[in-house]
file data.csv (CSV, C-alpha atoms and all ligand atoms)
chain,number,residue,atom,x,y,z
D,1,MET,CA,0.0,0.0,0.0
D,2,ASN,CA,1.2,3.5,-0.8
D,3,ASN,CA,1.0,5.2,2.6
D,4,PHE,CA,3.0,8.3,1.5
D,5,SER,CA,0.7,11.2,0.6
D,6,ASN,CA,2.0,13.7,-2.1
D,7,GLU,CA,2.3,16.2,0.6
D,8,ASP,CA,4.3,13.9,2.9
D,9,PHE,CA,6.5,12.8,0.0
D,10,CYS,CA,7.3,16.3,-1.2
D,11,LYS,CA,8.0,17.5,2.4
D,12,SER,CA,10.2,14.5,3.2
D,13,LEU,CA,12.2,14.5,-0.1
D,14,PRO,CA,15.7,16.1,0.3
D,15,LYS,CA,15.6,19.1,-2.0
D,16,ILE,CA,18.0,21.4,-3.7
D,17,GLU,CA,17.1,25.2,-3.9
D,18,LEU,CA,19.1,27.1,-6.6
D,19,HIS,CA,17.0,30.3,-7.1
D,20,ALA,CA,16.0,32.1,-3.9
D,21,HIS,CA,16.3,35.8,-3.5
D,22,LEU,CA,17.1,36.7,0.1
D,23,ASN,CA,14.8,39.6,0.6
D,24,GLY,CA,11.9,37.9,-1.1
D,25,SER,CA,12.3,34.9,1.1
D,26,LEU,CA,11.5,36.5,4.4
D,27,SER,CA,8.6,34.9,6.2
D,28,GLU,CA,5.9,36.5,8.3
D,29,THR,CA,7.6,35.3,11.4
D,30,THR,CA,10.8,37.1,10.3
D,31,LEU,CA,9.0,40.3,9.4
D,32,ILE,CA,7.3,40.3,12.8
D,33,GLN,CA,10.6,39.6,14.6
D,34,LEU,CA,12.3,42.4,12.8
D,35,GLY,CA,9.7,44.9,13.6
D,36,SER,CA,7.3,45.2,10.6
D,37,THR,CA,4.3,47.4,11.4
D,38,ASN,CA,0.9,45.8,12.2
D,39,SER,CA,-0.6,47.2,9.0
D,40,ASP,CA,2.3,45.7,6.9
D,41,ILE,CA,1.8,42.3,8.6
D,42,ALA,CA,-2.0,42.6,8.0
D,43,GLU,CA,-1.3,43.2,4.3
D,44,TYR,CA,1.0,40.2,4.3
D,45,GLN,CA,-1.6,37.9,5.9
D,46,LYS,CA,-4.4,39.1,3.6
D,47,LEU,CA,-2.4,38.0,0.6
D,48,LYS,CA,-1.7,34.6,2.1
D,49,HIS,CA,-5.3,33.6,1.6
D,50,VAL,CA,-5.6,34.7,-2.0
D,51,PRO,CA,-4.9,31.8,-4.5
D,52,PRO,CA,-1.7,32.3,-6.5
D,53,HIS,CA,-3.4,33.0,-9.8
D,54,GLU,CA,-5.5,35.8,-8.2
D,55,ARG,CA,-2.5,37.6,-6.6
D,56,THR,CA,-1.1,40.5,-8.6
D,57,LEU,CA,2.6,41.4,-8.9
D,58,ASN,CA,1.9,44.8,-7.4
D,59,ASP,CA,0.5,43.2,-4.2
D,60,CYS,CA,3.7,41.1,-4.0
D,61,PHE,CA,6.0,44.0,-4.5
D,62,LYS,CA,4.5,45.6,-1.4
D,63,ILE,CA,5.7,42.6,0.6
D,64,PHE,CA,9.1,43.0,-0.9
D,65,GLN,CA,9.1,46.6,0.3
D,66,PHE,CA,8.1,45.4,3.8
D,67,ALA,CA,11.1,43.1,3.8
D,68,HIS,CA,13.4,45.8,2.6
D,69,LYS,CA,12.2,48.2,5.3
D,70,VAL,CA,13.1,45.9,8.2
D,71,THR,CA,16.6,44.8,6.9
D,72,THR,CA,18.5,48.0,6.9
D,73,SER,CA,21.1,47.2,9.6
D,74,PRO,CA,23.8,44.5,9.8
D,75,ASN,CA,22.0,42.9,12.7
D,76,SER,CA,18.7,42.7,10.9
D,77,VAL,CA,20.3,41.4,7.7
D,78,TYR,CA,22.1,38.7,9.8
D,79,ALA,CA,18.9,37.7,11.6
D,80,ALA,CA,16.9,37.6,8.4
D,81,THR,CA,19.4,35.4,6.6
D,82,LYS,CA,19.6,33.1,9.6
D,83,ASN,CA,15.8,32.7,9.7
D,84,VAL,CA,15.6,32.0,5.9
D,85,ILE,CA,18.3,29.3,6.2
D,86,ASP,CA,16.5,27.7,9.1
D,87,GLU,CA,13.2,27.7,7.2
D,88,PHE,CA,14.7,26.1,4.2
D,89,PHE,CA,16.3,23.5,6.5
D,90,LEU,CA,12.9,22.8,8.1
D,91,ASP,CA,11.5,22.2,4.6
D,92,ASN,CA,14.1,19.5,4.1
D,93,VAL,CA,16.2,21.5,1.7
D,94,ILE,CA,19.7,20.0,1.9
D,95,TYR,CA,21.4,22.6,-0.3
D,96,LEU,CA,20.6,26.3,-0.7
D,97,GLU,CA,22.0,28.9,-2.9
D,98,LEU,CA,20.7,32.3,-1.7
D,99,ARG,CA,21.1,35.4,-3.9
D,100,THR,CA,21.1,39.1,-3.2
D,101,THR,CA,22.1,42.4,-4.7
D,102,PRO,CA,24.8,44.4,-2.8
D,103,ARG,CA,22.8,47.1,-0.9
D,104,SER,CA,23.9,50.2,0.9
D,105,GLU,CA,21.8,51.9,3.6
D,106,ASP,CA,22.5,54.6,6.2
D,107,GLY,CA,25.0,53.0,8.5
D,108,MET,CA,25.5,49.9,6.3
D,109,ASP,CA,27.6,50.0,3.1
D,110,ALA,CA,27.4,47.3,0.5
D,111,GLU,CA,30.4,45.4,1.9
D,112,THR,CA,28.9,45.4,5.4
D,113,TYR,CA,25.6,44.2,4.0
D,114,ILE,CA,27.4,41.2,2.2
D,115,GLU,CA,29.5,40.5,5.3
D,116,SER,CA,26.3,40.3,7.4
D,117,VAL,CA,24.8,37.7,5.0
D,118,VAL,CA,28.1,35.8,4.9
D,119,GLU,CA,28.3,35.7,8.7
D,120,ALA,CA,24.9,34.2,9.0
D,121,ILE,CA,25.8,31.5,6.5
D,122,LYS,CA,29.1,30.8,8.3
D,123,ASP,CA,27.3,30.5,11.6
D,124,ASN,CA,24.7,28.0,10.3
D,125,GLU,CA,24.9,24.8,12.2
D,126,LYS,CA,22.0,23.0,10.7
D,127,ASP,CA,22.4,20.1,8.2
D,128,ILE,CA,22.0,22.3,5.1
D,129,LEU,CA,24.8,23.5,2.9
D,130,VAL,CA,24.4,27.2,2.0
D,131,LYS,CA,26.2,29.2,-0.7
D,132,LEU,CA,25.8,32.8,-1.9
D,133,ILE,CA,25.2,34.3,-5.3
D,134,LEU,CA,25.6,38.1,-5.6
D,135,SER,CA,23.4,39.8,-8.1
D,136,ILE,CA,24.0,42.7,-10.6
D,137,ASN,CA,20.8,44.6,-11.1
D,138,ARG,CA,20.2,45.4,-14.8
D,139,GLN,CA,18.3,48.6,-13.8
D,140,HIS,CA,21.4,50.1,-12.4
D,141,SER,CA,23.8,52.2,-14.5
D,142,LEU,CA,26.8,50.6,-16.0
D,143,GLU,CA,28.9,52.6,-13.5
D,144,VAL,CA,27.0,51.2,-10.5
D,145,CYS,CA,27.1,47.7,-12.0
D,146,ARG,CA,30.9,48.1,-12.3
D,147,GLN,CA,31.2,49.2,-8.7
D,148,HIS,CA,29.1,46.3,-7.6
D,149,LEU,CA,31.2,43.8,-9.5
D,150,ASP,CA,34.4,45.2,-7.8
D,151,ILE,CA,32.8,44.7,-4.4
D,152,ILE,CA,31.6,41.2,-5.4
D,153,LEU,CA,35.1,40.2,-6.6
D,154,LYS,CA,36.6,41.5,-3.4
D,155,MET,CA,34.2,39.6,-1.3
D,156,LYS,CA,34.6,36.5,-3.3
D,157,LYS,CA,38.3,36.6,-2.7
D,158,LYS,CA,37.6,36.9,1.0
D,159,TYR,CA,35.0,34.2,1.2
D,160,PRO,CA,35.7,31.8,-1.7
D,161,ASP,CA,33.9,28.8,-0.1
D,162,ILE,CA,30.7,30.8,0.3
D,163,ILE,CA,30.4,33.3,-2.5
D,164,LYS,CA,30.2,31.1,-5.6
D,165,GLY,CA,28.3,32.9,-8.3
D,166,ILE,CA,27.0,36.1,-9.9
D,167,ASP,CA,23.5,36.7,-11.2
D,168,LEU,CA,21.8,39.2,-13.5
D,169,SER,CA,18.4,40.2,-12.2
D,170,GLY,CA,16.1,43.2,-12.1
D,171,ASN,CA,13.4,44.6,-14.3
D,172,PRO,CA,13.8,43.0,-17.7
D,173,HIS,CA,12.4,46.1,-19.4
D,174,HIS,CA,15.5,48.0,-18.3
D,175,GLY,CA,19.1,47.4,-19.4
D,176,ARG,CA,20.6,45.0,-21.8
D,177,PHE,CA,22.7,41.9,-21.2
D,178,SER,CA,25.0,42.9,-24.1
D,179,ASN,CA,26.0,46.0,-22.2
D,180,LEU,CA,27.0,44.0,-19.1
D,181,GLN,CA,28.5,40.9,-20.8
D,182,LYS,CA,32.0,42.1,-20.3
D,183,LEU,CA,31.4,42.3,-16.5
D,184,PHE,CA,30.0,38.8,-16.5
D,185,GLN,CA,33.0,37.6,-18.5
D,186,GLU,CA,35.3,39.3,-15.9
D,187,ALA,CA,33.4,37.6,-13.1
D,188,ARG,CA,33.8,34.2,-14.8
D,189,ASP,CA,37.5,34.8,-15.3
D,190,HIS,CA,37.7,35.3,-11.6
D,191,GLY,CA,36.2,31.9,-10.9
D,192,LEU,CA,32.6,32.9,-10.3
D,193,PHE,CA,29.8,30.8,-11.7
D,194,THR,CA,27.2,32.7,-13.7
D,195,THR,CA,23.4,32.6,-13.7
D,196,ILE,CA,21.2,35.0,-15.7
D,197,HIS,CA,17.5,35.8,-15.4
D,198,CYS,CA,16.5,35.1,-19.0
D,199,ALA,CA,13.6,35.8,-21.3
D,200,GLU,CA,11.3,37.2,-18.6
D,201,ILE,CA,9.8,39.2,-21.5
D,202,VAL,CA,9.8,38.3,-25.2
D,203,ASN,CA,13.3,39.5,-26.3
D,204,ASN,CA,14.8,37.0,-28.7
D,205,ASP,CA,17.8,39.2,-29.5
D,206,GLU,CA,18.9,39.3,-25.8
D,207,VAL,CA,18.1,35.7,-25.3
D,208,LYS,CA,20.4,34.9,-28.2
D,209,ASP,CA,23.3,36.9,-26.6
D,210,ILE,CA,22.7,35.2,-23.2
D,211,LEU,CA,22.6,31.7,-24.7
D,212,HIS,CA,25.8,32.3,-26.7
D,213,PHE,CA,27.5,33.5,-23.6
D,214,GLU,CA,26.7,30.0,-22.1
D,215,PRO,CA,26.1,30.9,-18.5
D,216,ASP,CA,26.2,28.1,-16.0
D,217,ARG,CA,22.5,28.4,-15.5
D,218,ILE,CA,19.6,30.6,-16.6
D,219,GLY,CA,16.5,31.6,-14.6
D,220,HIS,CA,12.8,31.3,-15.5
D,221,ALA,CA,13.1,31.3,-19.3
D,222,PRO,CA,9.4,31.6,-20.0
D,223,PHE,CA,9.7,33.0,-23.5
D,224,VAL,CA,12.5,30.9,-25.0
D,225,HIS,CA,10.5,28.1,-26.7
D,226,PRO,CA,8.9,29.1,-30.0
D,227,ARG,CA,5.4,28.0,-28.7
D,228,TYR,CA,5.8,30.6,-25.9
D,229,GLY,CA,7.0,33.6,-28.0
D,230,GLY,CA,10.6,32.5,-28.4
D,231,CYS,CA,12.3,31.6,-31.7
D,232,ALA,CA,13.5,28.4,-33.2
D,233,GLU,CA,17.1,29.5,-33.4
D,234,ASN,CA,17.4,30.2,-29.7
D,235,TRP,CA,15.6,27.0,-28.8
D,236,THR,CA,18.0,25.0,-31.0
D,237,THR,CA,21.0,26.7,-29.2
D,238,LEU,CA,19.6,25.7,-25.9
D,239,GLN,CA,19.1,22.2,-27.0
D,240,LYS,CA,22.7,22.1,-28.0
D,241,ASN,CA,24.4,23.8,-25.1
D,242,LYS,CA,21.9,22.5,-22.5
D,243,VAL,CA,22.4,25.3,-20.1
D,244,PRO,CA,20.3,24.2,-17.0
D,245,THR,CA,17.2,26.3,-16.3
D,246,GLU,CA,16.0,27.3,-12.9
D,247,PHE,CA,12.2,27.1,-12.8
D,248,CYS,CA,9.9,28.9,-10.3
D,249,LEU,CA,6.3,27.8,-10.9
D,250,THR,CA,4.3,29.9,-8.5
D,251,SER,CA,6.4,33.0,-9.2
D,252,ASN,CA,5.6,32.7,-12.9
D,253,ILE,CA,1.8,32.3,-12.2
D,254,ILE,CA,1.8,35.4,-10.1
D,255,SER,CA,4.0,37.5,-12.4
D,256,GLY,CA,1.6,36.4,-15.3
D,257,THR,CA,4.2,34.8,-17.5
D,258,THR,CA,2.2,31.5,-17.2
D,259,ASN,CA,-1.6,31.4,-16.8
D,260,LEU,CA,-1.9,27.8,-15.3
D,261,TYR,CA,0.6,25.4,-13.6
D,262,GLU,CA,-0.4,22.8,-16.2
D,263,ASN,CA,0.6,25.1,-19.1
D,264,HIS,CA,4.0,26.0,-17.6
D,265,HIS,CA,6.8,26.0,-20.2
D,266,ILE,CA,8.7,23.5,-18.0
D,267,ARG,CA,6.8,21.0,-20.1
D,268,GLU,CA,9.0,21.7,-23.1
D,269,TRP,CA,12.1,21.0,-21.0
D,270,ILE,CA,10.6,17.7,-19.7
D,271,ASN,CA,9.6,16.6,-23.2
D,272,ASN,CA,13.0,17.5,-24.6
D,273,LYS,CA,14.9,16.1,-21.7
D,274,LEU,CA,16.7,19.4,-21.0
D,275,PRO,CA,18.3,20.0,-17.6
D,276,PHE,CA,16.4,22.0,-15.0
D,277,SER,CA,15.7,22.5,-11.3
D,278,ILE,CA,12.5,23.5,-9.4
D,279,ASN,CA,12.9,26.5,-7.1
D,280,THR,CA,10.9,29.1,-5.1
D,281,ASP,CA,12.3,32.5,-6.3
D,282,ASP,CA,10.7,34.5,-3.4
D,283,LYS,CA,9.0,32.1,-0.9
D,284,GLY,CA,8.0,35.0,1.4
D,285,ILE,CA,6.5,37.2,-1.3
D,286,PHE,CA,4.7,34.3,-3.0
D,287,HIS,CA,3.7,32.4,0.1
D,288,THR,CA,5.2,29.2,-1.0
D,289,ASN,CA,8.0,26.8,-0.1
D,290,LEU,CA,10.0,24.3,-2.1
D,291,SER,CA,7.9,21.3,-0.9
D,292,GLN,CA,4.8,23.1,-2.2
D,293,GLU,CA,6.5,23.8,-5.5
D,294,PHE,CA,7.3,20.1,-5.9
D,295,GLU,CA,3.7,19.2,-5.0
D,296,TYR,CA,2.5,21.5,-7.8
D,297,ALA,CA,4.8,19.6,-10.2
D,298,LEU,CA,3.4,16.3,-9.0
D,299,LYS,CA,-0.2,17.5,-9.3
D,300,TYR,CA,-0.1,19.5,-12.5
D,301,LEU,CA,2.7,18.2,-14.6
D,302,ALA,CA,1.9,14.5,-14.2
D,303,LEU,CA,5.4,13.7,-12.8
D,304,SER,CA,5.8,10.7,-10.6
D,305,PRO,CA,7.4,10.8,-7.1
D,306,LEU,CA,10.4,8.9,-8.5
D,307,GLU,CA,10.8,11.5,-11.2
D,308,LEU,CA,10.7,14.3,-8.6
D,309,TRP,CA,13.5,12.4,-6.7
D,310,GLN,CA,15.4,12.3,-10.0
D,311,ILE,CA,14.9,16.1,-10.4
D,312,SER,CA,16.4,16.6,-7.0
D,313,LEU,CA,19.3,14.3,-7.9
D,314,ASP,CA,19.9,16.0,-11.3
D,315,SER,CA,19.8,19.4,-9.6
D,316,VAL,CA,22.9,18.5,-7.7
D,317,ASP,CA,24.8,18.7,-11.0
D,318,HIS,CA,23.7,22.3,-11.5
D,319,THR,CA,24.8,23.5,-8.1
D,320,PHE,CA,27.8,25.8,-7.7
D,321,ALA,CA,29.2,23.4,-5.0
D,322,THR,CA,32.5,21.6,-5.1
D,323,SER,CA,32.7,18.0,-6.4
D,324,GLU,CA,33.1,16.7,-2.9
D,325,GLU,CA,30.0,18.6,-1.7
D,326,LYS,CA,28.1,17.3,-4.7
D,327,SER,CA,29.1,13.7,-3.9
D,328,LEU,CA,27.8,14.2,-0.3
D,329,LEU,CA,24.5,15.6,-1.6
D,330,ARG,CA,24.0,12.7,-4.0
D,331,PHE,CA,24.8,10.3,-1.2
D,332,LYS,CA,22.1,11.8,1.0
D,333,LEU,CA,19.6,11.5,-1.8
D,334,GLU,CA,20.5,7.9,-2.5
D,335,GLN,CA,20.3,7.1,1.2
D,336,TRP,CA,16.8,8.7,1.4
D,337,LYS,CA,15.6,6.7,-1.6
D,338,LYS,CA,16.9,3.4,-0.2
D,339,GLY,CA,15.5,4.2,3.2
D,340,THR,CA,12.4,6.4,3.6
D,341,PHE,CA,11.2,6.2,0.0
D,342,GLU,CA,11.4,2.5,-0.7
D,343,GLN,CA,10.0,1.6,2.7
D,344,ARG,CA,7.0,3.9,2.4
D,345,TYR,CA,6.4,2.7,-1.2
D,346,LYS,CA,7.0,-1.0,-0.4
D,347,GLU,CA,4.4,-2.4,-2.8
D,348,ASN,CA,4.3,0.5,-5.2
D,349,LEU,CA,7.9,0.9,-6.4
D,350,ASP,CA,7.0,1.3,-10.0
D,351,LEU,CA,5.3,4.7,-9.3
T,401,ZN,ZN,14.5,35.5,-9.6

call {"tool": "encode", "arguments": {"input": "data.csv", "output": "structure tokens"}}
result
Amino acid sequence: MNNFSNEDFCKSLPKIELHAHLNGSLSETTLIQLGSTNSDIAEYQKLKHVPPHERTLNDCFKIFQFAHKVTTSPNSVYAATKNVIDEFFLDNVIYLELRTTPRSEDGMDAETYIESVVEAIKDNEKDILVKLILSINRQHSLEVCRQHLDIILKMKKKYPDIIKGIDLSGNPHHGRFSNLQKLFQEARDHGLFTTIHCAEIVNNDEVKDILHFEPDRIGHAPFVHPRYGGCAENWTTLQKNKVPTEFCLTSNIISGTTNLYENHHIREWINNKLPFSINTDDKGIFHTNLSQEFEYALKYLALSPLELWQISLDSVDHTFATSEEKSLLRFKLEQWKKGTFEQRYKENLDL
């Protein structure tokens, strides 16, 4: 008898999170702890009860601003990071790559901000491996992006075991990857892995530049496949270079790039056996967690539990971890399959 509900299965499965923005991941508990106002918390709670497809991006941005407001000192940034790590751990995430853009506030410069995040990662004692990706925001001027890259490279030199990658994020209507490509090449030359938010709007010229750069990963990619507004040339490039894609299902529903979970463009990656991972993007803003995202994949994409386990295992290949760390993560997943999974599915192993 199968005595493992989908919910139990997704919760219990050891998971790999590769696309999580720090500020967007703050929970209600953290917002309260860090002193959010009662009216901000009420707004947050109100949104929690609205189904994902009925939430608007504007509502969600409000939450992002609440998170921003309460993380303007080194102590609050440290506490917020620590809480986010603990929450992913409680969701049985065994490997987490957090990402954030260098920020300066009154009394906290960008380096201090990054140091506060790094300290929280260093102090983590839970059984979850955590790495940091630092983001360049495409809305910023080239000059600011340049300054941020200098800070990122300096910090990477100081914390090479924690700071592993660089990301391009921000409003896709602003800036162009081609103007920033040199900075990303420089980051790569300094040993940073690269991941780029890609095709969040239809922009085949930019997607072409990104895919030809061959980043280590791309994020979202809703408008790459020709059926979703992309073009055949870019899709062929992706099929050849097989850059792994980070998918965030609920995030895409709320931002309106996908109308239904069952219509999500991840289907094209599944059908074409292209590499991908499933992630949360902003678990606080979108009121989700990684187990929930896996449950949506089970429910709406007709994937089996075993296939979800395989997605977790394959995601290890896409991490920015060392080969020793990857071996350990694979070992944990194999052990879980042999233990918990096979015992709970005793008579149903062909699921
Ligand atoms: Zn993102």

call {"tool": "atom_distance", "arguments": {"input": "data.csv", "atom1": "CA of Gln185 in chain D", "atom2": "CA of Ser104 in chain D"}}
result
24.9 Å

call {"tool": "residues_near_ligand", "arguments": {"input": "data.csv", "ligand": "ligand ZN 401 (chain T)", "cutoff": "7 Å", "atoms": "all atoms listed in the file", "output": "list in words"}}
result
His19, Ala20, His21, Ser169, His197, Gly219 and Asp281 of chain D

call {"tool": "closest_residue", "arguments": {"input": "data.csv", "among": "D:Ala199, D:Met108, D:Ile16, D:Leu90", "to": "Thr319 in chain D", "atoms": "all atoms listed in the file"}}
result
D:Ile16

call {"tool": "residues_around", "arguments": {"input": "data.csv", "residues": "range 329-333 of chain D", "least_positions_apart": "2", "cutoff": "7 Å", "atoms": "all atoms listed in the file", "output": "list of chain:residue names"}}
result
D:Pro14, D:Leu313, D:Val316, D:Glu325, D:Lys326, D:Ser327, D:Gln335, D:Trp336, D:Lys337

call {"tool": "residues_around", "arguments": {"input": "data.csv", "residues": "range 246-256 of chain D", "least_positions_apart": "5", "cutoff": "10 Å", "atoms": "all atoms listed in the file", "output": "PyMOL selection string"}}
result
chain D and resi 17-20+51-60+195-198+200+217-222+261-262+264-266+275-283+285-290+292-294+296-297+315+318

call {"tool": "atom_distance", "arguments": {"input": "data.csv", "atom1": "CA of Gln45 in chain D", "atom2": "CA of Thr30 in chain D"}}
result
13.2 Å

call {"tool": "atom_distance", "arguments": {"input": "data.csv", "atom1": "CA of Glu307 in chain D", "atom2": "CA of Thr258 in chain D"}}
result
22.6 Å

call {"tool": "closest_residue", "arguments": {"input": "data.csv", "among": "D:Asn241, D:Leu328, D:Gly284, D:Leu98", "to": "Phe61 in chain D", "atoms": "only C-alpha atoms"}}
result
D:Gly284

call {"tool": "residues_around", "arguments": {"input": "data.csv", "residues": "Glu295 in chain D", "least_positions_apart": "4", "cutoff": "7 Å", "atoms": "only C-alpha atoms", "output": "list in words"}}
result
Asn6, Glu7, Cys10, Ser291 and Lys299 of chain D

call {"tool": "write_last_selection", "arguments": {"input": "data.csv", "atoms": "C-alpha atoms", "output": "PDB file, keeping the file's coordinate frame"}}
result
ATOM      1  CA  ASN D   6       2.000  13.700  -2.100  1.00  0.00           C
ATOM      2  CA  GLU D   7       2.300  16.200   0.600  1.00  0.00           C
ATOM      3  CA  CYS D  10       7.300  16.300  -1.200  1.00  0.00           C
ATOM      4  CA  SER D 291       7.900  21.300  -0.900  1.00  0.00           C
ATOM      5  CA  LYS D 299      -0.200  17.500  -9.300  1.00  0.00           C
TER       6      LYS D 299
END

call {"tool": "residues_near_point", "arguments": {"input": "data.csv", "point": "(16.1, 19.1, -26.1)", "cutoff": "8 Å", "atoms": "all atoms listed in the file", "output": "ChimeraX atom specification"}}
result
/D:236,238-240,242,269,271-274

call {"tool": "write_last_selection", "arguments": {"input": "data.csv", "atoms": "C-alpha atoms", "output": "short mmCIF file (atom, residue, chain, number, x, y, z; two decimals), in the coordinates of the input"}}
result
data_model
loop_
_atom_site.label_atom_id
_atom_site.label_comp_id
_atom_site.auth_asym_id
_atom_site.auth_seq_id
_atom_site.Cartn_x
_atom_site.Cartn_y
_atom_site.Cartn_z
CA THR D 236 18.00 25.00 -31.00
CA LEU D 238 19.60 25.70 -25.90
CA GLN D 239 19.10 22.20 -27.00
CA LYS D 240 22.70 22.10 -28.00
CA LYS D 242 21.90 22.50 -22.50
CA TRP D 269 12.10 21.00 -21.00
CA ASN D 271 9.60 16.60 -23.20
CA ASN D 272 13.00 17.50 -24.60
CA LYS D 273 14.90 16.10 -21.70
CA LEU D 274 16.70 19.40 -21.00
#

call {"tool": "closest_residue", "arguments": {"input": "data.csv", "among": "D:Ile85, D:Leu308, D:Leu142, D:Leu180", "to": "Ile121 in chain D", "atoms": "only C-alpha atoms"}}
result
D:Ile85

call {"tool": "closest_residue", "arguments": {"input": "data.csv", "among": "D:Trp309, D:Phe341, D:Phe88, D:Tyr113", "to": "Thr72 in chain D", "atoms": "all atoms listed in the file"}}
result
D:Tyr113

call {"tool": "build_atoms", "arguments": {"input": "data.csv", "residues": "range 330-346 of chain D", "atoms": "N, CA and C atoms", "output": "mmCIF file, in the coordinates of the input"}}
result
data_model
loop_
_atom_site.group_PDB
_atom_site.id
_atom_site.type_symbol
_atom_site.label_atom_id
_atom_site.label_comp_id
_atom_site.auth_asym_id
_atom_site.auth_seq_id
_atom_site.Cartn_x
_atom_site.Cartn_y
_atom_site.Cartn_z
ATOM 1 N N ARG D 330 24.569 13.863 -3.289
ATOM 2 C CA ARG D 330 24.000 12.700 -4.000
ATOM 3 C C ARG D 330 23.886 11.501 -3.060
ATOM 4 N N PHE D 331 24.874 11.346 -2.176
ATOM 5 C CA PHE D 331 24.800 10.300 -1.200
ATOM 6 C C PHE D 331 23.568 10.390 -0.324
ATOM 7 N N LYS D 332 23.298 11.618 0.127
ATOM 8 C CA LYS D 332 22.100 11.800 1.000
ATOM 9 C C LYS D 332 20.832 11.471 0.212
ATOM 10 N N LEU D 333 20.784 11.832 -1.052
ATOM 11 C CA LEU D 333 19.600 11.500 -1.800
ATOM 12 C C LEU D 333 19.441 10.021 -2.079
ATOM 13 N N GLU D 334 20.554 9.352 -2.337
ATOM 14 C CA GLU D 334 20.500 7.900 -2.500
ATOM 15 C C GLU D 334 20.072 7.200 -1.248
ATOM 16 N N GLN D 335 20.615 7.665 -0.131
ATOM 17 C CA GLN D 335 20.300 7.100 1.200
ATOM 18 C C GLN D 335 18.773 7.233 1.447
ATOM 19 N N TRP D 336 18.251 8.400 1.159
ATOM 20 C CA TRP D 336 16.800 8.700 1.400
ATOM 21 C C TRP D 336 15.966 7.760 0.534
ATOM 22 N N LYS D 337 16.430 7.551 -0.707
ATOM 23 C CA LYS D 337 15.600 6.700 -1.600
ATOM 24 C C LYS D 337 15.628 5.264 -1.108
ATOM 25 N N LYS D 338 16.813 4.791 -0.696
ATOM 26 C CA LYS D 338 16.900 3.400 -0.200
ATOM 27 C C LYS D 338 16.130 3.249 1.106
ATOM 28 N N GLY D 339 16.120 4.277 1.917
ATOM 29 C CA GLY D 339 15.500 4.200 3.200
ATOM 30 C C GLY D 339 14.010 4.606 3.145
ATOM 31 N N THR D 340 13.767 5.863 3.467
ATOM 32 C CA THR D 340 12.400 6.400 3.600
ATOM 33 C C THR D 340 11.536 6.061 2.366
ATOM 34 N N PHE D 341 12.020 6.357 1.180
ATOM 35 C CA PHE D 341 11.200 6.200 0.000
ATOM 36 C C PHE D 341 10.779 4.787 -0.286
ATOM 37 N N GLU D 342 11.765 3.898 -0.332
ATOM 38 C CA GLU D 342 11.400 2.500 -0.700
ATOM 39 C C GLU D 342 10.630 1.820 0.386
ATOM 40 N N GLN D 343 10.844 2.199 1.632
ATOM 41 C CA GLN D 343 10.000 1.600 2.700
ATOM 42 C C GLN D 343 8.592 2.058 2.628
ATOM 43 N N ARG D 344 8.409 3.340 2.370
ATOM 44 C CA ARG D 344 7.000 3.900 2.400
ATOM 45 C C ARG D 344 6.286 3.430 1.103
ATOM 46 N N TYR D 345 7.014 3.140 0.029
ATOM 47 C CA TYR D 345 6.400 2.700 -1.200
ATOM 48 C C TYR D 345 6.486 1.214 -1.450
ATOM 49 N N LYS D 346 6.648 0.468 -0.351
ATOM 50 C CA LYS D 346 7.000 -1.000 -0.400
ATOM 51 C C LYS D 346 6.368 -1.690 -1.623
#
